[in-house]
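S.K.: Before I ask anything, here is the structure I am working with.
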Amino acid sequence: MRDLMIKVQEHWIFDSFIMFCIIANTFILMLKWYAMPNSVIDGITKINYGFMAIFTIEAVIKLFALRKNYFKTAWNIFDFTVVIGTLVILVVGFLNLGEFGIQSTILRSLRIGRVMRLLRRLKKLQIIFNTLMEALPSMGSLGMLLLLLMFMYAIIGMS
């Protein structure tokens, strides 16, 4: 059984299918507008349950195939966290134990963060992303300098 799981998770079709599901899930998560009909909301909810099932099955397949090595990859840890968080919010919703307002929004953002897995495949996009990550500390320092400048102008303006 484990040999089958290893073959499945290493196959390029499985990886391509998961990437397609990530992109499709991102587009589904973007579908939200003012005064949205209940039929559309119900359809989107059912589609999200389907994607949740697919990502849960992916995590289970990888857990069976990789065992302890599953948690050595940062993307697998991220995916596992998103899957567990989604399942917890789903169970709490079904049991009516409480309403997760901001938590579901955070979880939604994490689910959109799966798109970053595409960086592994697209080398030029990965170069741009790495450049952005290297520039972040400098942009933080520049932002603090601009904040200090605005604070000084505010003090001068008040006096």
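We name chains A, B, ... following the order of the structure tokens; residues begin at 1 in each chain, and ligands are numbered from 1 as shown.
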Under the rule of at most 12 Å, produce a per-residue listing of segment 8-99 of chain A near segment 121-129 of chain A: chain, number, name, the closest pair of atoms, and the distance in Å, as JSON lines, using only C-alpha atoms.

M.R.:
```
{"residue": "A:Trp12", "atom": "CA", "partner": "A:Arg121", "partner_atom": "CA", "distance": 12.0}
{"residue": "A:Asp15", "atom": "CA", "partner": "A:Arg121", "partner_atom": "CA", "distance": 10.7}
{"residue": "A:Ser16", "atom": "CA", "partner": "A:Arg121", "partner_atom": "CA", "distance": 10.4}
{"residue": "A:Met19", "atom": "CA", "partner": "A:Arg121", "partner_atom": "CA", "distance": 10.0}
```

S.K.: I'd like the neighbourhood of segment 48-65 of chain A as a ChimeraX atom specification, where a residue qualifies if any of its atoms comes within 8 Å (using only C-alpha atoms), though same-chain residues fewer than 5 positions away should be ignored.

M.R.: /A:2-3,5-6,8-9,18,21,25,28,70,76,79-80,83,86

S.K.: Of the residues A:Met30, A:Lys68, A:Glu10, A:Leu4, which is the one nearest to Ile112 of chain A, using only C-alpha atoms?

M.R.: A:Met30

S.K.: Please run DSSP on the backbone and report, as a PyMOL selection string, all residues within chain A that come out as alpha helix (DSSP H).

M.R.: chain A and resi 2-10+12-30+38-66+74-95+102-112+123-158

S.K.: Just the number, please: distance in Å from atom CA of Arg120 of chain A to atom CA of Phe78 of chain A, one decimal.

M.R.: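 Atom-to-atom, atom CA of Arg120 of chain A and atom CA of Phe78 of chain A are spaced 14.6 Å apart.
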
S.K.: Return the single residue from A:Phe27, A:Phe94, A:Phe17, A:Tyr34 that is closest to Arg111 of chain A, with distances computed using only C-alpha atoms.

M.R.: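 Using only C-alpha atoms, the shortest distance to Arg111 of chain A belongs to A:Phe27.
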
S.K.: Excluding Gly113 of chain A and its own-chain neighbours fewer than 3 positions away, which residues fall within 10 Å of it when counting only C-alpha atoms? Please give them as a list in words.

M.R.: Ile22, Thr26, Phe78, Asp79, Val82, Leu107, Arg108, Ser109, Leu110, Met116 and Arg117 of chain A

S.K.: Just checking: using only C-alpha atoms, which residue out of A:Arg67, A:Arg114, A:Leu142, A:Met158 ends up closest to Thr81 of chain A?

M.R.: A:Arg114
